[in-house]
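Data file: final-v6.cif. Format and content: mmCIF, C-alpha atoms.
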data_data
loop_
_atom_site.label_atom_id
_atom_site.label_comp_id
_atom_site.auth_asym_id
_atom_site.auth_seq_id
_atom_site.Cartn_x
_atom_site.Cartn_y
_atom_site.Cartn_z
CA MET I 1 -102.60 -197.39 -61.83
CA PRO I 2 -106.17 -196.19 -61.33
CA GLY I 3 -106.30 -192.41 -61.50
CA ILE I 4 -108.97 -189.76 -62.03
CA ASP I 5 -109.31 -190.42 -65.78
CA GLU I 6 -109.50 -194.21 -65.41
CA CYS I 7 -112.16 -193.77 -62.73
CA LEU I 8 -114.24 -191.48 -64.97
CA LEU I 9 -113.94 -193.91 -67.90
CA GLU I 10 -115.26 -196.67 -65.66
CA VAL I 11 -118.15 -194.47 -64.50
CA MET I 12 -119.13 -193.82 -68.13
CA ARG I 13 -119.51 -197.56 -68.74
CA LEU I 14 -122.65 -197.51 -66.61
CA PRO I 15 -125.81 -197.84 -68.74
CA GLY I 16 -127.34 -194.43 -69.40
CA ALA I 17 -124.30 -192.43 -68.26
CA ARG I 18 -124.28 -189.03 -69.99
CA GLY I 19 -121.43 -187.31 -68.19
CA ALA I 20 -119.37 -187.39 -65.04
CA ALA I 21 -116.91 -185.28 -63.08
CA VAL I 22 -114.66 -185.33 -60.04
CA VAL I 23 -115.34 -182.12 -58.13
CA ASP I 24 -113.98 -180.36 -55.04
CA TRP I 25 -116.98 -179.12 -53.07
CA THR I 26 -115.23 -176.42 -51.06
CA SER I 27 -113.93 -174.52 -54.09
CA GLY I 28 -116.28 -175.82 -56.80
CA LEU I 29 -113.32 -176.86 -58.95
CA ALA I 30 -113.71 -179.69 -61.48
CA LEU I 31 -110.65 -181.91 -61.08
CA GLY I 32 -111.61 -184.11 -63.99
CA THR I 33 -114.56 -184.36 -66.40
CA ILE I 34 -115.89 -186.69 -69.09
CA GLY I 35 -118.86 -186.80 -71.46
CA ASP I 36 -121.58 -184.13 -71.53
CA SER I 37 -122.71 -181.68 -68.90
CA PRO I 38 -126.30 -180.45 -68.53
CA ASN I 39 -125.52 -176.85 -69.50
CA GLY I 40 -122.61 -177.65 -71.81
CA ASP I 41 -120.07 -176.24 -69.38
CA HIS I 42 -118.44 -178.71 -67.01
CA GLU I 43 -116.82 -175.97 -64.93
CA ALA I 44 -120.09 -174.16 -64.29
CA THR I 45 -121.84 -177.43 -63.52
CA ALA I 46 -119.10 -178.33 -61.03
CA ALA I 47 -119.51 -175.03 -59.20
CA GLU I 48 -123.28 -175.59 -58.99
CA THR I 49 -123.20 -179.22 -57.88
CA ALA I 50 -120.48 -178.32 -55.35
CA GLU I 51 -122.95 -176.02 -53.59
CA VAL I 52 -125.47 -178.84 -53.30
CA ALA I 53 -122.82 -181.24 -52.01
CA ARG I 54 -121.62 -178.72 -49.46
CA MET I 55 -125.09 -178.06 -48.14
CA ALA I 56 -125.65 -181.80 -47.68
CA ALA I 57 -122.25 -182.33 -46.08
CA GLU I 58 -122.64 -179.51 -43.57
CA GLN I 59 -126.26 -179.70 -42.44
CA PRO I 60 -126.57 -180.85 -38.82
CA ALA I 61 -129.70 -182.82 -39.79
CA PHE I 62 -127.53 -185.25 -41.77
CA ALA I 63 -124.72 -185.48 -39.22
CA ARG I 64 -123.62 -188.81 -37.78
CA LEU I 65 -125.56 -189.50 -34.62
CA SER I 66 -122.92 -191.61 -32.92
CA SER I 67 -119.89 -189.57 -33.97
CA PRO I 68 -117.34 -188.85 -31.25
CA ALA I 69 -117.22 -185.31 -29.92
CA GLU I 70 -115.45 -183.07 -32.40
CA GLY I 71 -113.00 -181.92 -29.77
CA ASP I 72 -111.67 -185.47 -29.32
CA ARG I 73 -110.42 -185.64 -32.86
CA PRO I 74 -106.69 -185.03 -33.12
CA PRO I 75 -105.99 -181.99 -35.28
CA GLY I 76 -105.32 -182.81 -38.87
CA GLU I 77 -107.09 -186.14 -38.84
CA ALA I 78 -109.19 -186.35 -41.96
CA ALA I 79 -112.87 -187.02 -41.48
CA GLY I 80 -115.19 -187.61 -44.38
CA PRO I 81 -118.60 -186.00 -44.48
CA PRO I 82 -121.38 -187.92 -42.77
CA VAL I 83 -123.32 -188.13 -46.03
CA GLU I 84 -122.60 -190.91 -48.55
CA ASP I 85 -124.38 -189.53 -51.56
CA VAL I 86 -127.00 -187.08 -52.82
CA ILE I 87 -129.43 -187.99 -55.59
CA VAL I 88 -131.38 -185.39 -57.53
CA THR I 89 -134.07 -186.57 -59.94
CA THR I 90 -135.06 -184.38 -62.87
CA HIS I 91 -137.60 -184.95 -65.65
CA ASP I 92 -135.20 -186.79 -67.87
CA GLY I 93 -132.29 -187.71 -65.65
CA TYR I 94 -130.65 -188.50 -62.36
CA HIS I 95 -127.75 -186.64 -60.81
CA MET I 96 -125.77 -188.62 -58.31
CA LEU I 97 -123.17 -186.96 -56.09
CA ARG I 98 -121.03 -189.52 -54.31
CA PHE I 99 -118.61 -188.31 -51.62
CA VAL I 100 -115.07 -189.64 -51.84
CA GLU I 101 -113.42 -190.37 -48.52
CA THR I 102 -109.69 -189.76 -48.52
CA ALA I 103 -107.09 -190.28 -45.81
CA PHE I 104 -105.81 -186.72 -46.37
CA ASP I 105 -107.97 -183.64 -45.86
CA SER I 106 -110.13 -183.10 -48.91
CA SER I 107 -113.66 -182.34 -50.01
CA VAL I 108 -114.11 -184.37 -53.17
CA PHE I 109 -117.16 -185.98 -54.73
CA LEU I 110 -118.00 -187.86 -57.93
CA HIS I 111 -120.85 -186.43 -60.00
CA LEU I 112 -122.66 -188.77 -62.40
CA TRP I 113 -125.36 -187.55 -64.79
CA LEU I 114 -127.60 -190.42 -65.82
CA ASN I 115 -130.25 -190.70 -68.52
CA ARG I 116 -133.49 -191.49 -66.73
CA SER I 117 -134.93 -193.95 -69.24
CA GLU I 118 -131.70 -195.90 -69.81
CA GLY I 119 -130.11 -195.63 -66.39
CA ASN I 120 -130.53 -198.02 -63.49
CA LEU I 121 -130.47 -196.00 -60.32
CA ALA I 122 -129.73 -198.85 -57.90
CA LEU I 123 -126.96 -200.28 -60.04
CA ALA I 124 -125.41 -196.86 -60.62
CA ARG I 125 -125.49 -196.02 -56.94
CA MET I 126 -123.73 -199.24 -55.97
CA ARG I 127 -121.13 -198.97 -58.72
CA LEU I 128 -120.40 -195.31 -58.02
CA GLY I 129 -119.76 -196.16 -54.38
CA GLU I 130 -117.29 -198.85 -55.39
CA LEU I 131 -115.52 -196.55 -57.84
CA ALA I 132 -115.30 -193.73 -55.28
CA GLU I 133 -113.52 -196.14 -52.96
CA ARG I 134 -111.27 -197.57 -55.65
CA LEU I 135 -110.21 -194.09 -56.73
CA VAL I 136 -108.31 -193.57 -53.49
CA LEU I 137 -107.36 -197.14 -52.62
CA ALA I 138 -104.30 -198.95 -53.87
CA MET T 1 -81.10 -173.69 -66.47
CA SER T 2 -78.84 -170.80 -67.50
CA ALA T 3 -81.15 -168.30 -69.13
CA ILE T 4 -82.98 -166.03 -66.75
CA ALA T 5 -85.63 -163.87 -68.30
CA ALA T 6 -86.98 -160.86 -66.51
CA GLY T 7 -90.34 -159.36 -67.23
CA LEU T 8 -92.73 -157.05 -65.51
CA ASP T 9 -96.15 -158.44 -64.73
CA ALA T 10 -98.04 -155.23 -65.16
CA PRO T 11 -100.69 -155.15 -62.44
CA ALA T 12 -104.21 -154.01 -63.12
CA ALA T 13 -104.37 -153.42 -66.83
CA ASP T 14 -107.67 -152.04 -68.10
CA ARG T 15 -108.49 -154.85 -70.49
CA ALA T 16 -109.90 -158.24 -69.58
CA PRO T 17 -108.24 -159.44 -66.41
CA VAL T 18 -104.92 -161.03 -67.23
CA LEU T 19 -103.19 -162.50 -64.22
CA SER T 20 -99.76 -162.62 -65.73
CA PRO T 21 -98.95 -161.69 -69.34
CA MET T 22 -95.61 -163.40 -68.86
CA LEU T 23 -97.31 -166.68 -67.95
CA GLN T 24 -99.40 -166.53 -71.11
CA ARG T 25 -96.32 -165.90 -73.23
CA LEU T 26 -94.60 -168.88 -71.64
CA ALA T 27 -97.61 -171.08 -72.30
CA ALA T 28 -97.68 -169.97 -75.94
CA GLU T 29 -94.01 -170.83 -76.44
CA ARG T 30 -94.49 -174.15 -74.59
CA ALA T 31 -91.77 -173.24 -72.12
CA THR T 32 -90.33 -175.48 -69.42
CA GLY T 33 -89.08 -173.96 -66.19
CA ALA T 34 -90.06 -172.14 -63.01
CA LEU T 35 -91.99 -168.85 -62.91
CA MET T 36 -91.06 -167.16 -59.64
CA ARG T 37 -93.44 -164.52 -58.40
CA ASP T 38 -93.75 -162.58 -55.17
CA HIS T 39 -96.05 -165.05 -53.42
CA GLY T 40 -95.10 -168.35 -55.01
CA THR T 41 -93.68 -170.32 -57.91
CA LEU T 42 -95.35 -172.05 -60.85
CA TYR T 43 -93.50 -174.91 -62.54
CA LEU T 44 -94.15 -175.37 -66.24
CA ALA T 45 -93.38 -178.27 -68.56
CA ASP T 46 -94.09 -177.82 -72.29
CA GLY T 47 -96.18 -174.78 -71.43
CA GLN T 48 -98.43 -176.62 -68.96
CA VAL T 49 -98.50 -176.14 -65.21
CA VAL T 50 -97.08 -179.25 -63.54
CA HIS T 51 -96.65 -177.96 -60.01
CA ALA T 52 -97.00 -174.86 -57.85
CA GLU T 53 -95.67 -173.81 -54.48
CA SER T 54 -96.38 -170.90 -52.19
CA PRO T 55 -95.23 -170.02 -48.68
CA ALA T 56 -98.88 -169.32 -47.91
CA THR T 57 -99.98 -172.93 -48.50
CA PRO T 58 -99.02 -176.29 -47.03
CA GLY T 59 -96.97 -178.38 -49.45
CA ILE T 60 -98.11 -181.75 -50.74
CA ASP T 61 -95.83 -183.41 -48.15
CA VAL T 62 -97.75 -181.71 -45.33
CA LEU T 63 -101.12 -182.58 -46.89
CA LEU T 64 -100.21 -186.25 -47.30
CA THR T 65 -98.53 -186.78 -43.94
CA ALA T 66 -100.94 -184.74 -41.76
CA GLY T 67 -103.89 -187.05 -42.41
CA GLY T 68 -101.84 -190.23 -42.15
CA THR T 69 -101.99 -191.15 -45.87
CA LEU T 70 -98.25 -191.29 -45.73
CA ARG T 71 -95.83 -191.66 -42.86
CA HIS T 72 -92.96 -189.21 -42.59
CA GLU T 73 -90.49 -192.04 -43.24
CA GLY T 74 -92.36 -192.94 -46.41
CA TRP T 75 -92.09 -189.37 -47.63
CA TRP T 76 -88.37 -189.10 -46.93
CA ASP T 77 -87.77 -192.50 -48.47
CA ALA T 78 -89.44 -191.31 -51.67
CA VAL T 79 -87.46 -188.06 -51.69
CA ALA T 80 -84.20 -189.95 -51.12
CA GLN T 81 -84.95 -192.59 -53.77
CA ALA T 82 -86.51 -190.47 -56.48
CA GLY T 83 -85.78 -186.82 -55.64
CA ALA T 84 -82.61 -186.66 -57.74
CA HIS T 85 -84.47 -188.02 -60.78
CA ARG T 86 -87.39 -185.63 -60.15
CA ARG T 87 -89.91 -188.46 -60.03
CA VAL T 88 -91.03 -188.43 -56.39
CA GLY T 89 -94.72 -188.52 -57.33
CA ARG T 90 -94.31 -191.55 -59.57
CA TYR T 91 -92.20 -193.30 -56.92
CA LEU T 92 -94.81 -192.71 -54.20
CA VAL T 93 -97.38 -194.53 -56.34
CA ASP T 94 -95.15 -197.30 -57.72
CA SER T 95 -93.78 -198.16 -54.28
CA GLY T 96 -97.29 -198.43 -52.90
CA HIS T 97 -96.93 -195.52 -50.46
CA VAL T 98 -99.84 -193.55 -51.97
CA PRO T 99 -102.65 -194.77 -54.27
CA GLY T 100 -102.54 -193.21 -57.73
CA GLY T 101 -105.94 -191.56 -57.53
CA ALA T 102 -105.23 -190.15 -54.08
CA LEU T 103 -101.96 -188.64 -55.28
CA GLU T 104 -103.69 -187.00 -58.26
CA LEU T 105 -106.45 -185.54 -56.09
CA CYS T 106 -104.02 -184.30 -53.47
CA HIS T 107 -101.52 -182.94 -55.98
CA LEU T 108 -104.16 -181.11 -58.06
CA GLY T 109 -105.57 -179.60 -54.87
CA ALA T 110 -102.11 -178.40 -53.84
CA LEU T 111 -101.37 -177.08 -57.34
CA TYR T 112 -104.48 -174.91 -57.64
CA ASP T 113 -104.10 -173.85 -54.01
CA ALA T 114 -100.55 -172.60 -54.43
CA ALA T 115 -101.32 -171.09 -57.84
CA PHE T 116 -104.08 -168.97 -56.30
CA PHE T 117 -101.56 -167.33 -53.98
CA ALA T 118 -98.67 -167.31 -56.47
CA LEU T 119 -100.83 -165.37 -58.94
CA ALA T 120 -101.95 -162.81 -56.35
CA PRO T 121 -101.51 -159.22 -57.55
CA THR T 122 -98.02 -157.90 -56.97
CA GLY T 123 -95.86 -155.00 -58.05
CA THR T 124 -92.71 -157.11 -58.04
CA PRO T 125 -91.45 -158.33 -61.42
CA ALA T 126 -91.67 -162.06 -62.03
CA ARG T 127 -88.68 -164.12 -63.11
CA PHE T 128 -88.61 -167.25 -65.21
CA ARG T 129 -85.83 -169.80 -65.03
CA TYR T 130 -85.80 -171.94 -68.12
CA GLY T 131 -85.20 -175.66 -67.71
CA VAL T 132 -85.96 -175.92 -64.00
CA ALA T 133 -88.11 -178.93 -63.03
CA HIS T 134 -89.64 -179.70 -59.66
CA TRP T 135 -88.59 -182.90 -57.88
CA ILE T 136 -92.20 -184.07 -57.53
CA GLY T 137 -92.13 -184.85 -61.25
CA PRO T 138 -95.09 -185.24 -63.60
CA VAL T 139 -98.42 -186.09 -61.94
CA ARG T 140 -101.27 -184.47 -63.88
CA PRO T 141 -100.37 -181.36 -65.92
CA VAL T 142 -102.93 -178.56 -66.19
CA PRO T 143 -103.22 -175.97 -69.01
CA VAL T 144 -102.20 -172.43 -68.03
CA ALA T 145 -105.59 -171.11 -69.14
CA ALA T 146 -107.38 -173.45 -66.70
CA VAL T 147 -105.20 -172.30 -63.80
CA GLU T 148 -105.78 -168.63 -64.64
CA ARG T 149 -109.52 -169.08 -65.04
CA GLU T 150 -109.77 -170.95 -61.76
CA THR T 151 -107.70 -168.37 -59.88
CA LEU T 152 -109.95 -165.54 -61.08
CA ARG T 153 -113.04 -167.56 -60.23
CA ARG T 154 -111.70 -168.21 -56.73
CA ARG T 155 -111.14 -164.50 -56.07
CA GLU T 156 -114.71 -163.77 -57.08
CA PHE T 157 -115.98 -166.74 -55.09
CA LEU T 158 -114.36 -165.44 -51.89
CA ASP T 159 -115.75 -161.95 -52.38
CA ARG T 160 -119.20 -163.35 -53.04
CA ILE T 161 -119.17 -165.14 -49.69
CA TRP T 162 -117.97 -162.10 -47.75
CA PRO T 163 -116.39 -159.09 -49.48
CA ASP T 164 -113.82 -158.31 -46.80
CA ALA T 165 -110.33 -159.79 -47.12
CA ALA T 166 -109.22 -158.74 -43.63
CA CYS T 167 -109.05 -162.34 -42.42
CA ASP T 168 -106.95 -163.59 -45.35
CA GLY T 169 -103.56 -162.58 -44.00
CA ALA T 170 -103.93 -161.29 -40.44
CA PRO T 171 -103.77 -163.20 -37.15
CA LEU T 172 -107.26 -164.47 -36.32
CA LEU T 173 -109.30 -164.52 -33.18
CA ARG T 174 -112.64 -166.23 -32.60
CA THR T 175 -115.24 -163.85 -31.25
CA ALA T 176 -117.36 -164.11 -28.12
CA ALA T 177 -120.18 -165.49 -30.27
CA TYR T 178 -118.17 -168.71 -30.72
CA GLY T 179 -119.60 -171.61 -28.79
CA SER T 180 -122.83 -169.83 -27.94
CA ASP T 181 -125.93 -170.14 -30.05
CA ALA T 182 -124.33 -170.33 -33.47
CA PRO T 183 -123.01 -173.82 -34.14
CA ALA T 184 -120.55 -174.02 -37.02
CA PRO T 185 -120.11 -177.09 -39.24
CA ALA T 186 -117.39 -179.49 -38.08
CA ARG T 187 -114.81 -178.36 -40.62
CA GLN T 188 -115.30 -174.73 -39.63
CA SER T 189 -115.22 -175.53 -35.91
CA ARG T 190 -111.75 -176.97 -36.27
CA ILE T 191 -110.59 -173.69 -37.77
CA LEU T 192 -112.21 -171.71 -34.96
CA GLU T 193 -110.46 -173.83 -32.35
CA LEU T 194 -107.13 -172.71 -33.79
CA ALA T 195 -108.05 -169.01 -34.16
CA ASP T 196 -106.23 -167.96 -31.00
CA GLY T 197 -105.22 -164.40 -31.87
CA PHE T 198 -101.79 -165.43 -33.16
CA ARG T 199 -102.30 -167.89 -35.98
CA THR T 200 -103.02 -166.69 -39.52
CA ALA T 201 -105.02 -168.55 -42.17
CA SER T 202 -101.79 -170.05 -43.53
CA ASP T 203 -100.74 -171.25 -40.06
CA ILE T 204 -104.11 -172.90 -39.55
CA ALA T 205 -103.97 -174.55 -42.98
CA ARG T 206 -100.56 -176.01 -42.18
CA GLU T 207 -101.69 -177.23 -38.78
CA LEU T 208 -104.79 -178.93 -40.18
CA GLY T 209 -103.02 -180.23 -43.28
CA ARG T 210 -105.72 -178.52 -45.31
CA SER T 211 -105.56 -176.43 -48.47
CA ALA T 212 -105.08 -172.75 -47.56
CA PHE T 213 -107.78 -171.66 -49.99
CA HIS T 214 -110.23 -174.04 -48.32
CA VAL T 215 -109.38 -172.36 -45.02
CA LEU T 216 -109.97 -168.93 -46.60
CA VAL T 217 -113.40 -170.04 -47.86
CA ASP T 218 -114.43 -171.22 -44.40
CA LEU T 219 -112.96 -168.09 -42.80
CA ARG T 220 -115.03 -165.83 -45.04
CA ARG T 221 -118.14 -167.77 -43.97
CA LEU T 222 -117.12 -167.54 -40.33
CA ALA T 223 -116.40 -163.83 -40.70
CA ALA T 224 -119.80 -163.33 -42.31
CA ALA T 225 -121.36 -165.13 -39.34
CA GLY T 226 -119.40 -162.92 -36.96
CA LEU T 227 -117.56 -165.85 -35.41
CA VAL T 228 -114.02 -164.79 -36.26
CA GLU T 229 -112.20 -161.52 -36.80
CA ALA T 230 -108.79 -160.31 -37.81
CA VAL T 231 -106.50 -158.99 -35.10
CA ARG T 232 -105.70 -155.54 -36.36
CA ALA T 233 -103.24 -154.35 -33.71
CA GLN T 234 -100.15 -155.34 -35.66
CA PRO T 235 -99.52 -153.91 -39.10
CA LEU T 236 -100.44 -156.44 -41.75
CA PRO T 237 -97.48 -158.34 -43.15
CA ALA T 238 -96.59 -157.74 -46.77
CA ALA T 239 -97.74 -161.26 -47.58
CA SER T 240 -101.36 -160.34 -46.97
CA ALA T 241 -101.92 -160.00 -50.68
CA PRO T 242 -102.23 -156.27 -51.31
CA GLY T 243 -105.10 -155.36 -53.56
CA ARG T 244 -107.27 -158.33 -52.50
CA ILE T 245 -109.79 -155.86 -51.13
CA THR T 246 -110.46 -154.52 -54.61
CA LEU T 247 -113.79 -155.46 -56.11
CA PRO T 248 -114.16 -158.25 -58.65
CA GLU T 249 -113.23 -156.77 -61.99
CA VAL T 250 -116.14 -158.28 -63.88
CA THR T 251 -118.97 -157.05 -61.68
CA ALA T 252 -121.16 -154.79 -63.79
CA ASP T 253 -122.00 -152.41 -60.98
CA PRO T 254 -119.66 -153.10 -58.12
CA ASP T 255 -120.75 -150.34 -55.78
CA ILE T 256 -124.40 -151.36 -55.71
CA ALA T 257 -123.53 -155.03 -55.38
CA LEU T 258 -121.17 -154.33 -52.52
CA LEU T 259 -123.64 -152.09 -50.72
CA ARG T 260 -126.37 -154.70 -51.09
CA ARG T 261 -124.16 -157.41 -49.65
CA LEU T 262 -123.11 -155.19 -46.76
CA ARG T 263 -126.72 -154.28 -46.04
CA ASP T 264 -127.78 -157.91 -46.12
CA ALA T 265 -124.92 -158.86 -43.85
CA LEU T 266 -125.77 -156.09 -41.39
CA GLU T 267 -129.42 -157.04 -41.36
CA ALA T 268 -128.49 -160.65 -40.73
CA LEU T 269 -126.55 -159.75 -37.57
#
Just give me the structure of the file as structure tokens.
Amino acid sequence: MPGIDECLLEVMRLPGARGAAVVDWTSGLALGTIGDSPNGDHEATAAETAEVARMAAEQPAFARLSSPAEGDRPPGEAAGPPVEDVIVTTHDGYHMLRFVETAFDSSVFLHLWLNRSEGNLALARMRLGELAERLVLA
Amino acid sequence: MSAIAAGLDAPAADRAPVLSPMLQRLAAERATGALMRDHGTLYLADGQVVHAESPATPGIDVLLTAGGTLRHEGWWDAVAQAGAHRRVGRYLVDSGHVPGGALELCHLGALYDAAFFALAPTGTPARFRYGVAHWIGPVRPVPVAAVERETLRRREFLDRIWPDAACDGAPLLRTAAYGSDAPAPARQSRILELADGFRTASDIARELGRSAFHVLVDLRRLAAAGLVEAVRAQPLPAASAPGRITLPEVTADPDIALLRRLRDALEAL
């Protein structure tokens, strides 16, 4: 049964992975963490990355162009954010925030912290997308 | 199941904020059972929080069925098959009704959501019933300390967005500014559509199948933007979390911070 922990273990098998977390971007809560975090505090990191994820998810500039009018959506129907991922590059690393689309209402993303010299950005991005899907699929 | 302990959760002690001394005692003695408080119930197993429920929040059944993850029949099938053994969560996954990761995400969300309301300040003594287990069964237990830390962080988080708790418990009404020149993000718009002067935050959460705390977060943002306000005609119900208007206990200089935020908010209008 793939769960949060199994998903995070898989994420850490990526070359150059330093740490990862499953985070709720509305509250900033870390639902699961593994490895290191940039400031040594996974909970604080989650709250910070959640703000970035929320900004990306809510900006009209990144909204789906062809999305149906919001009013047509039946109440309660879950709709993922229009953004797939956010990548922040620092001097020595990459931070990848990958939104997880769930059938129930949620605001969850996967955060991967990657070593810049060892990590492969393209590979990590593809794999993180797969793992985000697998996390919520049977 | 037989022993019922009674204890008084002293509100507002002067030392570091402790949400519930009783809860900490129970964690230390690795207790199993249900801690019943004014606004909700925490279920413990071996001193860890395994589930939480509050009348203010939609249950995990509502969250799972509202979005179509699970059909109502699937839910009732699971309750009928596994409810008596208190393993509904495990059954939902094993029978293929809900993917394991999805159940963990949804259940954790519901747990922290209900715990936030269950641990709201109250003058009513809490009760603990030893041996009681919830029928959802084990999903992903959380340490008591993590739940307490998160609940305190959430209170502060709300007050940082907009330090007025008026919208938390009262019926809500969108203001005239709604729909004019201030577009709200999609998730907030759906809340505004339901703010009809009668529904409260909890009603809206149930209707959307969304965590009640998530609704509170968006409501504080909407209130700050002047798009929604509390209907004050009726007296607030007791469930509106008395004491939520108090300032965060850890702010070094609460008055100045509050005045600054109010000034900034007024200037932004």
Q. Any chance you could work out the residue set of the PyMOL selection byres ((chain T and resi 88-95) around 12) here, as a VMD selection string?
A. (chain I and resid 1 to 3 136 to 138) or (chain T and resid 50 to 51 60 to 61 64 69 to 71 73 to 87 96 to 104 106 to 107 133 to 140)
Result set, the PyMOL selection byres ((chain T and resi 168) around 7) on current file, as a PDB file with C-alpha atoms, in the coordinates of the input:
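Output contents, as saved in expr_4.pdb:
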ATOM      1  CA  ALA T 165    -110.330-159.790 -47.120  1.00  0.00           C
ATOM      2  CA  ALA T 166    -109.220-158.740 -43.630  1.00  0.00           C
ATOM      3  CA  CYS T 167    -109.050-162.340 -42.420  1.00  0.00           C
ATOM      4  CA  GLY T 169    -103.560-162.580 -44.000  1.00  0.00           C
ATOM      5  CA  ALA T 170    -103.930-161.290 -40.440  1.00  0.00           C
ATOM      6  CA  ALA T 201    -105.020-168.550 -42.170  1.00  0.00           C
ATOM      7  CA  LEU T 216    -109.970-168.930 -46.600  1.00  0.00           C
ATOM      8  CA  SER T 240    -101.360-160.340 -46.970  1.00  0.00           C
TER       9      SER T 240
END
Q: Compile the contact shell of Arg13 (chain I) as an MDAnalysis selection string: residues with an atom at most 12 Å away, counting all atoms listed in the file, same-chain residues fewer than 6 positions apart removed.
A: chainID I and resid 6:7 19:20 34:35 112 114 119 123:124 127:128 131
Q.
What does the structure give for the distance between CA of Ala66 (chain T) and CA of Thr49 (chain I), in Å to one decimal?
A. 28.0 Å
Do a neighbour search on region 28-44 of chain T at 10 Å with only C-alpha atoms, toss out local chain neighbours closer than 6 positions, and write the hits as a PDB file with C-alpha atoms, in the coordinates of the input.
ATOM      1  CA  MET T   1     -81.100-173.690 -66.470  1.00  0.00           C
ATOM      2  CA  ALA T   5     -85.630-163.870 -68.300  1.00  0.00           C
ATOM      3  CA  ASP T   9     -96.150-158.440 -64.730  1.00  0.00           C
ATOM      4  CA  SER T  20     -99.760-162.620 -65.730  1.00  0.00           C
ATOM      5  CA  MET T  22     -95.610-163.400 -68.860  1.00  0.00           C
ATOM      6  CA  VAL T  50     -97.080-179.250 -63.540  1.00  0.00           C
ATOM      7  CA  HIS T  51     -96.650-177.960 -60.010  1.00  0.00           C
ATOM      8  CA  ALA T  52     -97.000-174.860 -57.850  1.00  0.00           C
ATOM      9  CA  GLU T  53     -95.670-173.810 -54.480  1.00  0.00           C
ATOM     10  CA  SER T  54     -96.380-170.900 -52.190  1.00  0.00           C
ATOM     11  CA  PRO T  55     -95.230-170.020 -48.680  1.00  0.00           C
ATOM     12  CA  ALA T  56     -98.880-169.320 -47.910  1.00  0.00           C
ATOM     13  CA  THR T  57     -99.980-172.930 -48.500  1.00  0.00           C
ATOM     14  CA  LEU T 111    -101.370-177.080 -57.340  1.00  0.00           C
ATOM     15  CA  ALA T 114    -100.550-172.600 -54.430  1.00  0.00           C
ATOM     16  CA  ALA T 115    -101.320-171.090 -57.840  1.00  0.00           C
ATOM     17  CA  PHE T 116    -104.080-168.970 -56.300  1.00  0.00           C
ATOM     18  CA  PHE T 117    -101.560-167.330 -53.980  1.00  0.00           C
ATOM     19  CA  ALA T 118     -98.670-167.310 -56.470  1.00  0.00           C
ATOM     20  CA  LEU T 119    -100.830-165.370 -58.940  1.00  0.00           C
ATOM     21  CA  ALA T 120    -101.950-162.810 -56.350  1.00  0.00           C
ATOM     22  CA  PRO T 121    -101.510-159.220 -57.550  1.00  0.00           C
ATOM     23  CA  THR T 122     -98.020-157.900 -56.970  1.00  0.00           C
ATOM     24  CA  GLY T 123     -95.860-155.000 -58.050  1.00  0.00           C
ATOM     25  CA  THR T 124     -92.710-157.110 -58.040  1.00  0.00           C
ATOM     26  CA  PRO T 125     -91.450-158.330 -61.420  1.00  0.00           C
ATOM     27  CA  ALA T 126     -91.670-162.060 -62.030  1.00  0.00           C
ATOM     28  CA  ARG T 127     -88.680-164.120 -63.110  1.00  0.00           C
ATOM     29  CA  PHE T 128     -88.610-167.250 -65.210  1.00  0.00           C
ATOM     30  CA  ARG T 129     -85.830-169.800 -65.030  1.00  0.00           C
ATOM     31  CA  TYR T 130     -85.800-171.940 -68.120  1.00  0.00           C
ATOM     32  CA  GLY T 131     -85.200-175.660 -67.710  1.00  0.00           C
ATOM     33  CA  VAL T 132     -85.960-175.920 -64.000  1.00  0.00           C
ATOM     34  CA  ALA T 133     -88.110-178.930 -63.030  1.00  0.00           C
ATOM     35  CA  HIS T 134     -89.640-179.700 -59.660  1.00  0.00           C
ATOM     36  CA  PRO T 141    -100.370-181.360 -65.920  1.00  0.00           C
ATOM     37  CA  VAL T 142    -102.930-178.560 -66.190  1.00  0.00           C
ATOM     38  CA  PRO T 143    -103.220-175.970 -69.010  1.00  0.00           C
ATOM     39  CA  VAL T 144    -102.200-172.430 -68.030  1.00  0.00           C
ATOM     40  CA  ALA T 238     -96.590-157.740 -46.770  1.00  0.00           C
ATOM     41  CA  ALA T 239     -97.740-161.260 -47.580  1.00  0.00           C
ATOM     42  CA  SER T 240    -101.360-160.340 -46.970  1.00  0.00           C
ATOM     43  CA  ALA T 241    -101.920-160.000 -50.680  1.00  0.00           C
TER      44      ALA T 241
END
Q) For Arg187 (chain T), which residue out of T:Asp203, T:Arg174, T:Asp218, T:Pro163 is the nearest one, using all atoms listed in the file? A) T:Asp218
